[in-house]
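Source file: data36.cif. Holds: mmCIF, C-alpha atoms.
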data_target
#
loop_
_atom_site.label_atom_id
_atom_site.label_comp_id
_atom_site.auth_asym_id
_atom_site.auth_seq_id
_atom_site.Cartn_x
_atom_site.Cartn_y
_atom_site.Cartn_z
CA MET K 1 -27.53 61.01 4.14
CA ASN K 2 -26.68 64.14 2.29
CA LEU K 3 -23.65 65.94 3.48
CA SER K 4 -23.34 69.68 3.69
CA PHE K 5 -20.04 71.30 3.01
CA PHE K 6 -19.22 71.58 6.67
CA ASP K 7 -19.64 67.96 7.54
CA GLN K 8 -16.05 67.25 6.57
CA PHE K 9 -15.04 69.27 9.62
CA THR K 10 -16.99 67.29 12.21
CA SER K 11 -14.90 65.26 14.58
CA PRO K 12 -15.00 61.66 13.32
CA CYS K 13 -16.99 59.15 15.30
CA LEU K 14 -17.57 55.44 14.74
CA LEU K 15 -20.45 53.84 16.58
CA GLY K 16 -20.22 56.57 19.15
CA ILE K 17 -16.49 56.13 19.71
CA PRO K 18 -14.57 59.34 19.01
CA LEU K 19 -11.76 58.70 16.57
CA ILE K 20 -10.00 62.00 17.04
CA LEU K 21 -7.18 60.39 18.98
CA ILE K 22 -6.45 57.92 16.19
CA SER K 23 -6.48 60.69 13.62
CA LEU K 24 -4.01 62.65 15.72
CA LEU K 25 -1.67 59.75 16.32
CA PHE K 26 -1.88 58.12 12.88
CA PRO K 27 0.59 60.39 11.01
CA ALA K 28 3.35 59.33 13.39
CA LEU K 29 2.91 55.74 12.19
CA LEU K 30 3.86 56.79 8.69
CA LEU K 31 7.29 58.05 9.75
CA PRO K 32 10.04 55.41 10.03
CA SER K 33 11.42 55.02 13.50
CA PRO K 34 15.18 55.43 13.65
CA ASP K 35 16.71 52.01 13.44
CA ASN K 36 19.79 50.99 15.33
CA ARG K 37 21.94 50.70 12.24
CA TRP K 38 24.57 53.04 10.84
CA ILE K 39 23.52 53.20 7.19
CA THR K 40 19.71 53.33 7.02
CA ASN K 41 17.38 53.01 4.08
CA ARG K 42 16.54 56.01 1.92
CA LEU K 43 13.44 57.03 3.83
CA SER K 44 15.16 57.01 7.21
CA THR K 45 18.14 58.88 5.81
CA LEU K 46 15.89 61.54 4.31
CA GLN K 47 13.88 61.81 7.50
CA SER K 48 16.92 62.28 9.70
CA TRP K 49 18.38 64.78 7.19
CA PHE K 50 15.14 66.75 7.23
CA LEU K 51 14.88 66.72 11.02
CA HIS K 52 18.49 67.88 11.32
CA LEU K 53 17.81 70.69 8.88
CA VAL K 54 14.66 71.86 10.67
CA THR K 55 16.21 71.71 14.13
CA LYS K 56 19.32 73.57 13.00
CA GLN K 57 17.28 76.30 11.32
CA LEU K 58 15.03 76.72 14.31
CA MET K 59 17.79 76.69 16.91
CA MET K 60 20.28 78.96 15.16
CA PRO K 61 18.87 82.30 16.41
CA LEU K 62 18.26 81.00 19.91
CA ASN K 63 20.74 81.08 22.74
CA LYS K 64 21.71 78.02 24.74
CA LYS K 65 18.72 78.18 27.04
CA GLY K 66 16.42 78.18 24.06
CA HIS K 67 17.81 74.87 22.88
CA LYS K 68 15.67 73.18 25.47
CA TRP K 69 12.77 73.89 23.14
CA ALA K 70 14.34 71.98 20.25
CA LEU K 71 12.39 68.77 20.75
CA ILE K 72 8.97 70.32 21.15
CA LEU K 73 9.36 72.74 18.26
CA THR K 74 10.69 70.16 15.81
CA SER K 75 8.09 67.58 16.78
CA LEU K 76 5.36 70.22 16.52
CA MET K 77 6.55 71.12 13.05
CA THR K 78 6.60 67.49 11.90
CA PHE K 79 3.18 66.88 13.49
CA LEU K 80 1.53 69.84 11.80
CA LEU K 81 3.20 69.12 8.47
CA MET K 82 2.06 65.51 8.41
CA ILE K 83 -1.49 66.34 9.52
CA ASN K 84 -1.87 69.13 7.00
CA LEU K 85 -0.52 67.10 4.10
CA LEU K 86 -2.55 64.01 4.91
CA GLY K 87 -5.67 66.16 5.13
CA LEU K 88 -5.46 66.89 1.44
CA LEU K 89 -6.36 63.31 0.58
CA PRO K 90 -10.04 62.69 -0.08
CA TYR K 91 -12.37 61.55 2.70
CA THR K 92 -9.78 62.43 5.36
CA PHE K 93 -10.31 64.45 8.47
CA THR K 94 -7.81 67.20 9.25
CA PRO K 95 -7.55 67.81 12.97
CA THR K 96 -5.98 71.20 12.44
CA THR K 97 -9.23 72.50 10.99
CA GLN K 98 -10.63 72.41 14.52
CA LEU K 99 -10.14 75.72 16.32
CA SER K 100 -10.15 73.90 19.63
CA MET K 101 -7.07 71.89 18.72
CA ASN K 102 -5.14 74.83 17.30
CA MET K 103 -5.90 77.00 20.29
CA ALA K 104 -4.88 74.09 22.53
CA LEU K 105 -1.54 74.09 20.74
CA ALA K 106 -1.03 77.85 20.43
CA LEU K 107 -2.17 79.21 23.80
CA PRO K 108 -0.07 77.05 26.14
CA LEU K 109 3.06 77.39 24.03
CA TRP K 110 2.69 81.16 23.69
CA LEU K 111 1.96 81.44 27.41
CA ALA K 112 5.06 79.37 28.13
CA THR K 113 7.24 81.78 26.16
CA LEU K 114 5.60 84.75 27.88
CA LEU K 115 6.00 83.34 31.38
CA THR K 116 9.63 82.34 30.69
CA GLY K 117 10.35 85.89 29.69
CA MET K 118 8.46 87.49 32.56
CA ARG K 119 9.96 85.19 35.13
CA ASN K 120 13.63 85.23 34.11
CA GLN K 121 14.06 88.70 32.65
CA PRO K 122 10.98 90.77 33.40
CA SER K 123 12.41 94.18 32.44
CA ILE K 124 13.66 92.97 29.06
CA SER K 125 10.34 91.25 28.38
CA LEU K 126 8.38 94.36 29.27
CA GLY K 127 10.87 96.42 27.33
CA HIS K 128 9.73 94.73 24.15
CA LEU K 129 6.46 96.57 24.54
CA LEU K 130 8.13 99.83 23.51
CA PRO K 131 10.08 99.93 20.24
CA GLU K 132 13.24 102.00 20.21
CA GLY K 133 13.19 105.55 19.11
CA THR K 134 9.55 106.39 19.67
CA PRO K 135 8.74 110.03 20.33
CA THR K 136 7.79 110.68 23.95
CA PRO K 137 4.13 111.78 23.46
CA LEU K 138 3.38 108.53 21.66
CA ILE K 139 4.64 106.26 24.43
CA PRO K 140 1.37 105.54 26.31
CA ALA K 141 -0.55 104.82 23.14
CA LEU K 142 2.20 102.61 21.84
CA ILE K 143 2.41 100.62 25.06
CA LEU K 144 -1.33 99.93 24.84
CA ILE K 145 -1.03 98.93 21.21
CA GLU K 146 1.91 96.64 21.84
CA THR K 147 0.17 95.02 24.81
CA THR K 148 -2.87 94.36 22.67
CA SER K 149 -0.70 92.86 19.97
CA LEU K 150 1.05 90.72 22.55
CA LEU K 151 -2.20 89.40 24.02
CA ILE K 152 -3.66 88.71 20.61
CA ARG K 153 -0.75 86.49 19.57
CA PRO K 154 -2.17 83.13 20.69
CA LEU K 155 -5.49 83.94 19.08
CA ALA K 156 -3.71 84.91 15.89
CA LEU K 157 -1.59 81.75 15.87
CA GLY K 158 -4.54 79.44 16.36
CA VAL K 159 -6.97 81.22 14.09
CA ARG K 160 -4.40 81.63 11.31
CA LEU K 161 -3.82 77.91 11.09
CA THR K 162 -7.51 77.04 11.41
CA ALA K 163 -8.67 79.62 8.92
CA ASN K 164 -6.10 78.76 6.29
CA LEU K 165 -6.76 75.07 6.36
CA THR K 166 -10.52 75.32 6.68
CA ALA K 167 -10.71 77.82 3.85
CA GLY K 168 -8.53 75.65 1.68
CA HIS K 169 -10.57 72.53 2.29
CA LEU K 170 -13.83 74.34 1.73
CA LEU K 171 -12.56 75.78 -1.53
CA ILE K 172 -11.49 72.38 -2.75
CA GLN K 173 -14.91 70.97 -1.92
CA LEU K 174 -16.76 73.84 -3.57
CA ILE K 175 -14.77 73.87 -6.77
CA SER K 176 -14.84 70.09 -7.13
CA THR K 177 -18.61 70.16 -6.56
CA ALA K 178 -18.93 72.85 -9.22
CA SER K 179 -16.82 70.85 -11.59
CA ILE K 180 -18.89 67.69 -11.09
CA ALA K 181 -22.19 69.56 -11.33
CA LEU K 182 -21.20 71.33 -14.55
CA LEU K 183 -20.03 68.16 -16.26
CA PRO K 184 -23.40 67.14 -17.77
CA THR K 185 -24.35 70.70 -18.80
CA ILE K 186 -21.22 72.55 -19.97
CA PRO K 187 -18.24 70.17 -20.11
CA THR K 188 -15.93 72.95 -21.24
CA VAL K 189 -16.51 75.03 -18.13
CA SER K 190 -16.19 71.83 -16.17
CA ILE K 191 -12.74 71.26 -17.62
CA LEU K 192 -11.84 74.86 -16.81
CA THR K 193 -13.00 74.34 -13.26
CA THR K 194 -10.93 71.17 -13.04
CA THR K 195 -7.89 73.16 -14.13
CA ILE K 196 -8.61 75.66 -11.41
CA LEU K 197 -8.94 72.79 -9.00
CA LEU K 198 -5.52 71.46 -10.02
CA LEU K 199 -3.94 74.83 -9.38
CA LEU K 200 -5.80 75.10 -6.11
CA THR K 201 -4.50 71.69 -5.06
CA LEU K 202 -0.97 72.83 -5.71
CA LEU K 203 -1.67 75.92 -3.64
CA GLU K 204 -3.13 73.84 -0.86
CA VAL K 205 -0.07 71.62 -0.72
CA ALA K 206 2.09 74.71 -0.43
CA VAL K 207 -0.23 76.27 2.16
CA ALA K 208 -0.20 73.10 4.23
CA MET K 209 3.57 73.14 4.45
CA ILE K 210 3.87 76.88 4.90
CA GLN K 211 1.27 77.10 7.65
CA ALA K 212 3.01 74.45 9.69
CA TYR K 213 6.31 76.23 9.21
CA VAL K 214 4.86 79.66 10.04
CA PHE K 215 3.26 78.39 13.24
CA VAL K 216 6.52 77.00 14.53
CA LEU K 217 8.56 79.92 13.26
CA LEU K 218 6.39 82.47 15.05
CA LEU K 219 6.62 80.48 18.25
CA SER K 220 10.39 80.42 17.95
CA LEU K 221 10.36 84.18 17.35
CA TYR K 222 8.29 84.76 20.48
CA LEU K 223 10.75 82.53 22.27
CA GLN K 224 13.72 84.54 21.00
CA GLU K 225 12.30 87.69 22.49
CA ASN K 226 11.72 86.17 25.86
CA ILE K 227 14.50 83.72 26.60
CA VAL N 1 15.22 37.80 31.89
CA LEU N 2 15.50 38.74 28.22
CA HIS N 3 12.40 40.91 28.39
CA THR N 4 13.67 43.06 31.24
CA THR N 5 16.76 44.00 29.29
CA ARG N 6 14.72 45.89 26.74
CA PRO N 7 11.58 47.25 28.36
CA LEU N 8 10.65 49.40 25.35
CA HIS N 9 11.55 46.92 22.62
CA THR N 10 13.77 49.36 20.85
CA THR N 11 16.65 47.00 20.05
CA GLN N 12 16.84 43.48 18.67
CA GLN N 13 15.77 40.61 20.87
CA SER N 14 18.83 38.39 20.76
CA LEU N 15 22.36 39.48 21.19
CA ALA N 16 23.54 37.44 18.21
CA PRO N 17 24.23 39.39 15.00
CA LEU N 18 21.17 39.62 12.78
CA PRO N 19 21.36 38.72 9.10
CA PRO N 20 21.71 41.82 6.92
CA LEU N 21 18.57 43.33 5.41
CA PRO N 22 18.09 43.10 1.64
CA GLU N 23 19.44 46.03 -0.40
CA LYS N 24 16.23 46.88 -2.23
CA GLY N 25 12.58 46.49 -1.30
CA GLY N 26 10.19 44.23 -3.12
CA GLU N 27 9.30 44.90 -6.75
CA ILE N 28 6.08 46.90 -7.15
CA ARG N 29 3.90 47.57 -10.15
CA TYR N 30 2.03 50.88 -10.41
CA GLY N 31 3.37 51.90 -7.02
CA LEU N 32 0.78 49.89 -5.12
CA ILE N 33 0.63 46.23 -6.07
CA PRO N 34 3.54 43.90 -5.40
CA GLU N 35 4.93 41.91 -8.26
CA GLU N 36 4.27 38.69 -6.39
CA PHE N 37 0.54 39.19 -6.91
CA PHE N 38 1.00 39.15 -10.67
CA GLN N 39 3.24 36.09 -10.44
CA PHE N 40 0.65 34.43 -8.20
CA LEU N 41 -2.12 34.87 -10.77
CA TYR N 42 0.05 34.13 -13.82
CA PRO N 43 -0.23 30.29 -13.91
CA LYS N 44 -4.02 30.35 -13.86
CA THR N 45 -4.93 33.53 -15.73
CA GLY N 46 -1.88 34.52 -17.74
CA VAL N 47 -0.56 38.05 -18.14
CA THR N 48 -3.90 39.86 -18.36
CA GLY N 49 -5.38 38.14 -15.32
CA PRO N 50 -4.69 40.78 -12.65
CA TYR N 51 -5.76 43.57 -15.00
CA MET N 52 -9.06 41.88 -15.70
CA LEU N 53 -9.55 41.40 -11.97
CA GLY N 54 -8.82 45.07 -11.35
CA THR N 55 -11.11 46.35 -14.07
CA GLY N 56 -13.91 44.03 -12.95
CA LEU N 57 -13.61 45.11 -9.36
CA LEU N 58 -13.61 48.78 -10.30
CA LEU N 59 -16.66 48.45 -12.53
CA TYR N 60 -18.45 46.43 -9.87
CA PHE N 61 -17.82 49.10 -7.25
CA LEU N 62 -18.92 51.83 -9.62
CA SER N 63 -22.03 50.10 -10.91
CA LYS N 64 -23.28 49.01 -7.52
CA GLU N 65 -22.46 52.47 -6.14
CA ILE N 66 -20.31 50.92 -3.46
CA TYR N 67 -17.88 53.61 -4.52
CA VAL N 68 -19.91 56.76 -5.13
CA ILE N 69 -18.72 59.36 -7.60
CA ASN N 70 -19.07 62.70 -5.96
CA HIS N 71 -17.06 65.88 -5.64
CA GLU N 72 -14.42 64.09 -3.63
CA THR N 73 -13.59 61.93 -6.63
CA VAL N 74 -12.53 64.95 -8.61
CA ALA N 75 -10.57 66.29 -5.66
CA ALA N 76 -8.95 62.87 -5.27
CA ALA N 77 -8.05 62.83 -8.94
CA CYS N 78 -6.40 66.24 -8.61
CA ILE N 79 -4.38 65.49 -5.53
CA LEU N 80 -3.34 62.09 -6.86
CA SER N 81 -2.23 63.57 -10.16
CA VAL N 82 -0.20 66.22 -8.34
CA PHE N 83 1.36 63.55 -6.14
CA ILE N 84 2.17 61.17 -8.99
CA TYR N 85 3.60 64.00 -11.07
CA GLY N 86 5.82 64.99 -8.18
CA VAL N 87 7.00 61.44 -7.62
CA LYS N 88 7.69 60.80 -11.29
CA LYS N 89 9.56 64.04 -11.80
CA TYR N 90 11.60 64.33 -8.62
CA GLY N 91 11.65 60.74 -7.39
CA SER N 92 14.99 59.71 -8.85
CA ASP N 93 16.62 62.97 -7.76
CA VAL N 94 15.45 62.50 -4.20
CA ALA N 95 16.64 58.89 -4.22
CA ALA N 96 20.01 59.97 -5.57
CA PHE N 97 20.22 62.62 -2.85
CA ALA N 98 19.47 60.07 -0.13
CA ASP N 99 22.05 57.72 -1.63
CA LYS N 100 24.55 60.58 -1.73
CA LEU N 101 23.98 61.29 1.97
CA ASN N 102 24.68 57.66 2.80
CA GLU N 103 27.67 57.60 0.46
CA GLU N 104 29.15 60.62 2.20
CA LYS N 105 28.73 58.92 5.55
CA VAL N 106 30.50 55.80 4.33
CA ALA N 107 33.15 57.86 2.55
CA LYS N 108 33.95 59.73 5.75
CA ALA N 109 34.52 56.48 7.58
CA LEU N 110 36.60 55.12 4.69
CA ASP N 111 38.63 58.31 4.76
CA VAL N 112 39.39 57.75 8.41
CA LYS N 113 40.48 54.21 7.61
CA ASN N 114 42.63 55.29 4.67
CA GLU N 115 44.25 58.08 6.64
CA ALA N 116 45.11 55.62 9.37
CA ILE N 117 46.58 53.20 6.81
CA LYS N 118 48.61 55.96 5.19
CA GLY N 119 49.87 57.15 8.53
CA LEU N 120 50.94 53.68 9.47
CA GLU N 121 52.65 53.14 6.11
CA THR N 122 54.57 56.38 6.54
CA ALA N 123 55.53 55.22 10.01
CA ILE N 124 56.77 51.90 8.55
CA GLU N 125 58.91 53.69 5.95
CA GLN N 126 60.36 55.96 8.56
CA GLU N 127 61.12 52.97 10.77
CA LYS N 128 62.91 51.25 7.88
CA LYS N 129 64.93 54.40 7.29
CA GLU N 130 65.87 54.50 10.92
CA GLN N 131 67.00 50.90 10.72
CA TRP N 132 69.20 51.72 7.71
CA ARG N 133 70.60 54.63 9.64
CA VAL N 134 71.45 52.32 12.49
CA GLU N 135 73.69 50.31 10.13
CA GLY N 136 75.75 53.36 9.44
CA ARG N 137 76.17 54.02 13.11
CA SER N 138 79.80 52.81 13.22
CA TYR N 139 80.84 55.28 10.50
CA LEU N 140 79.09 58.01 12.33
CA PHE N 141 80.88 57.21 15.55
CA ASP N 142 84.24 56.98 13.78
CA ALA N 143 83.72 60.34 12.21
CA LYS N 144 82.69 61.75 15.55
CA ARG N 145 85.68 60.22 17.21
CA ASN N 146 88.02 61.66 14.56
CA ASN N 147 86.36 64.97 14.98
CA ILE N 148 86.90 64.95 18.69
CA ALA N 149 90.49 63.77 18.34
CA MET N 150 91.16 66.62 15.92
CA LEU N 151 89.63 69.07 18.29
CA LEU N 152 91.72 67.80 21.14
CA GLU N 153 94.88 67.87 19.00
CA THR N 154 94.14 71.40 17.86
CA ASN N 155 93.52 72.48 21.39
CA TYR N 156 96.70 70.87 22.60
CA ARG N 157 98.75 72.50 19.88
CA GLU N 158 97.24 75.84 20.55
CA ARG N 159 98.12 75.55 24.16
CA LEU N 160 101.63 74.42 23.27
CA LEU N 161 102.04 77.49 21.12
CA MET N 162 100.75 79.63 23.91
CA VAL N 163 103.26 78.13 26.32
CA TYR N 164 106.06 78.66 23.82
CA ASN N 165 105.05 82.26 23.29
CA GLU N 166 104.86 82.97 26.99
CA VAL N 167 108.25 81.40 27.66
CA LYS N 168 109.77 83.29 24.73
CA LYS N 169 108.30 86.49 26.06
CA ARG N 170 109.87 85.97 29.42
CA LEU N 171 113.25 85.03 27.93
CA ASP N 172 113.11 88.00 25.60
CA TYR N 173 112.47 90.15 28.57
CA GLN N 174 115.53 88.80 30.33
CA VAL N 175 117.64 89.27 27.20
CA ALA N 176 116.36 92.77 26.77
CA MET N 177 117.09 93.51 30.39
CA GLN N 178 120.65 92.27 29.99
CA ASN N 179 121.17 94.23 26.81
CA LEU N 180 119.79 97.28 28.41
CA LYS N 181 122.02 96.84 31.38
CA ARG N 182 125.14 96.38 29.21
CA GLN N 183 124.16 99.37 27.10
CA LYS N 184 123.71 101.46 30.15
CA GLU N 185 127.02 100.32 31.57
CA GLN N 186 128.68 101.06 28.22
CA ASP N 187 127.17 104.47 28.01
CA HIS N 188 128.00 105.19 31.55
CA MET N 189 131.60 104.08 31.05
CA ILE N 190 131.96 106.14 27.88
CA GLN N 191 130.55 109.12 29.65
CA TRP N 192 132.82 108.57 32.58
CA VAL N 193 135.86 108.19 30.34
CA GLU N 194 134.93 111.27 28.40
CA LYS N 195 134.37 113.22 31.53
CA ASN N 196 137.67 112.18 32.96
CA VAL N 197 139.44 112.89 29.72
CA VAL N 198 137.88 116.27 29.48
CA GLN N 199 138.79 116.89 33.09
CA SER N 200 142.31 115.70 32.56
CA ILE N 201 142.91 118.14 29.81
CA THR N 202 144.79 120.87 31.73
CA PRO N 203 144.64 124.37 30.43
CA GLN N 204 148.34 124.10 29.52
CA GLN N 205 147.78 121.17 27.38
CA GLN N 206 144.78 122.86 25.86
CA LYS N 207 146.77 125.85 24.82
CA GLU N 208 149.54 123.68 23.40
CA SER N 209 147.16 121.56 21.42
CA ILE N 210 145.32 124.62 20.02
CA ALA N 211 148.70 126.22 18.95
CA LYS N 212 149.70 122.93 17.34
CA CYS N 213 146.44 122.77 15.48
CA ILE N 214 146.91 126.29 14.18
CA LEU N 215 150.44 125.45 13.00
CA ASP N 216 149.19 122.33 11.33
CA LEU N 217 146.44 124.25 9.63
CA LYS N 218 148.86 126.84 8.40
CA ALA N 219 151.18 124.20 7.04
CA LEU N 220 148.24 122.48 5.40
CA SER N 221 147.05 125.71 3.86
CA LYS N 222 150.45 126.32 2.54
CA ASN N 223 150.58 122.90 1.03
CA VAL N 224 147.23 123.43 -0.52
CA GLN N 225 148.21 126.72 -1.98
CA ALA N 226 151.26 125.11 -3.34
CA ALA N 227 149.23 122.28 -4.83
CA VAL N 228 146.83 124.64 -6.51
#

Render the structure in this file as structure tokens.
Amino acid sequence: MNLSFFDQFTSPCLLGIPLILISLLFPALLLPSPDNRWITNRLSTLQSWFLHLVTKQLMMPLNKKGHKWALILTSLMTFLLMINLLGLLPYTFTPTTQLSMNMALALPLWLATLLTGMRNQPSISLGHLLPEGTPTPLIPALILIETTSLLIRPLALGVRLTANLTAGHLLIQLISTASIALLPTIPTVSILTTTILLLLTLLEVAVAMIQAYVFVLLLSLYLQENI
Amino acid sequence: VLHTTRPLHTTQQSLAPLPPLPEKGGEIRYGLIPEEFFQFLYPKTGVTGPYMLGTGLLLYFLSKEIYVINHETVAAACILSVFIYGVKKYGSDVAAFADKLNEEKVAKALDVKNEAIKGLETAIEQEKKEQWRVEGRSYLFDAKRNNIAMLLETNYRERLLMVYNEVKKRLDYQVAMQNLKRQKEQDHMIQWVEKNVVQSITPQQQKESIAKCILDLKALSKNVQAAV
């Protein structure tokens, strides 16, 4: 069967059994579980160092109540990082290219930050809708604008991640197809295209890591405002 | 019973100490194939055996189109080259960093141990010094005793001096009183005698004595004139 360029984004199925769960849980198998020993091997040491670093960076701006979010934010970061990076390998399926999954991650978490803010400190939460020092005639318009920006946050979070990864994967496919197709006709252009593909791959690796980081960072920022 | 003690199988099964894990993992060639595979094939096929097997397999997959060359191949080549470049360039640095983290952990514990040892050694030296000081205890007590005896002696002598001074003061007072009394009596007597003498000089006697004095003076003046 001939594949179109969008078939890499279909949810994987084997004999009618959806494999999405395996593809979501598989990256966790690649990470070493913390052993019960004092001096671990290099991989475990690096993993625990990295997790310490991420948790510290995420939790530094938050107050004590925000530290309850440490586990979910760090595990979300690791999850997205692993999924994004593994998706760069050939013939792999990246779950974060599915809008449904990203919205399922972004909307509940954003809503949780919003409800925490509204429930515990409603005036401060609503106060964020008006930046300091605005001239009085502008206030109604600004409130509307800020409310819109607030309500669009989950959409932005989910769509940002989806769009970045989908675009990246599509670009890789297109340029590699171009490079293969040009090989019999103009090998020189084919080599040029392969160079572009190399650079693009580097970019995609960076984008994969950055997008995961940005997702979690924005969530922690929304949390800072509300907790 | 053993199973209920670890429902999630997170720890070891027996409570006996496990043998330590090997320091390094197994040897690997080309990052994928363990060395044991090459050793396994060596007796029958020699050194080039595994390579021939690999090449044959690859060509078989390619020729029979079991592995299809499509756009993903090029993408795979790119991502693999990026990955291998990263590993080759930064692999040893990352390994050294991980080793350094472990080293620091061990060094901290060793520091604790060494600090404890040093503290105890200092305590031992101080204890020995105290024991040496104990030997000199008798000298110390003698000196202290002498000191106290001197203090007592000094105090006693001071008090003795004070007593002497007080007694002398009182005796001096008595002597002064007596002297004063005698002086007063003397003065009084002299005054009384003078008074009586002055009273006893009758006017007659006074005139006679004054005339006598004048005669004497005249005689004396005459003698003087004669002498000159």

*Could you expand the PyMOL selection byres ((chain N) within 12 of (chain K)) into the explicit residues it covers here, written as a PyMOL selection string?*
chain N and resi 9-12+17-18+20-25+68-83+85-86+91-107+109

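With atom CA of N:Ser209 on one side and atom CA of N:Val197 on the other, the separation reads 14.3 Å.
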
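Nearest-residue note for K:Leu142: choosing from K:Leu165, K:Leu130, K:Leu24, K:Met82, the minimum distance belongs to K:Leu130, counting only C-alpha atoms.
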
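For stretch 47-61 of chain N, the non-local neighbours within 12 Å, defined as residues at least 5 positions apart in the same chain or in other chains and counting all atoms listed in the file, are Arg29, Tyr30, Ile33, Pro34, Glu35, Glu36, Phe37, Phe38, Gln39, Phe40, Leu41, Tyr42, Ile66, Tyr67, Val68 and Ile69 of chain N.
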
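This file gives the following result for the PyMOL selection byres ((chain K and resi 74) around 9): Leu51, Val54, Thr55, Leu58, Trp69, Ala70, Leu71, Ile72, Leu73, Ser75, Leu76, Met77, Thr78, Phe79 and Val216 of chain K.
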
Convert the output of the PyMOL selection byres ((chain K and resi 93) around 9) on the shown file into explicit residues, formatted as a PDB file with C-alpha atoms, keeping the file's coordinate frame.
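This is the output file out20.pdb:
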ATOM      1  CA  GLN K   8     -16.050  67.250   6.570  1.00  0.00           C
ATOM      2  CA  PHE K   9     -15.040  69.270   9.620  1.00  0.00           C
ATOM      3  CA  THR K  10     -16.990  67.290  12.210  1.00  0.00           C
ATOM      4  CA  SER K  11     -14.900  65.260  14.580  1.00  0.00           C
ATOM      5  CA  PRO K  12     -15.000  61.660  13.320  1.00  0.00           C
ATOM      6  CA  ILE K  20     -10.000  62.000  17.040  1.00  0.00           C
ATOM      7  CA  SER K  23      -6.480  60.690  13.620  1.00  0.00           C
ATOM      8  CA  LEU K  86      -2.550  64.010   4.910  1.00  0.00           C
ATOM      9  CA  GLY K  87      -5.670  66.160   5.130  1.00  0.00           C
ATOM     10  CA  LEU K  88      -5.460  66.890   1.440  1.00  0.00           C
ATOM     11  CA  LEU K  89      -6.360  63.310   0.580  1.00  0.00           C
ATOM     12  CA  PRO K  90     -10.040  62.690  -0.080  1.00  0.00           C
ATOM     13  CA  TYR K  91     -12.370  61.550   2.700  1.00  0.00           C
ATOM     14  CA  THR K  92      -9.780  62.430   5.360  1.00  0.00           C
ATOM     15  CA  THR K  94      -7.810  67.200   9.250  1.00  0.00           C
ATOM     16  CA  PRO K  95      -7.550  67.810  12.970  1.00  0.00           C
ATOM     17  CA  THR K  96      -5.980  71.200  12.440  1.00  0.00           C
ATOM     18  CA  THR K  97      -9.230  72.500  10.990  1.00  0.00           C
TER      19      THR K  97
END
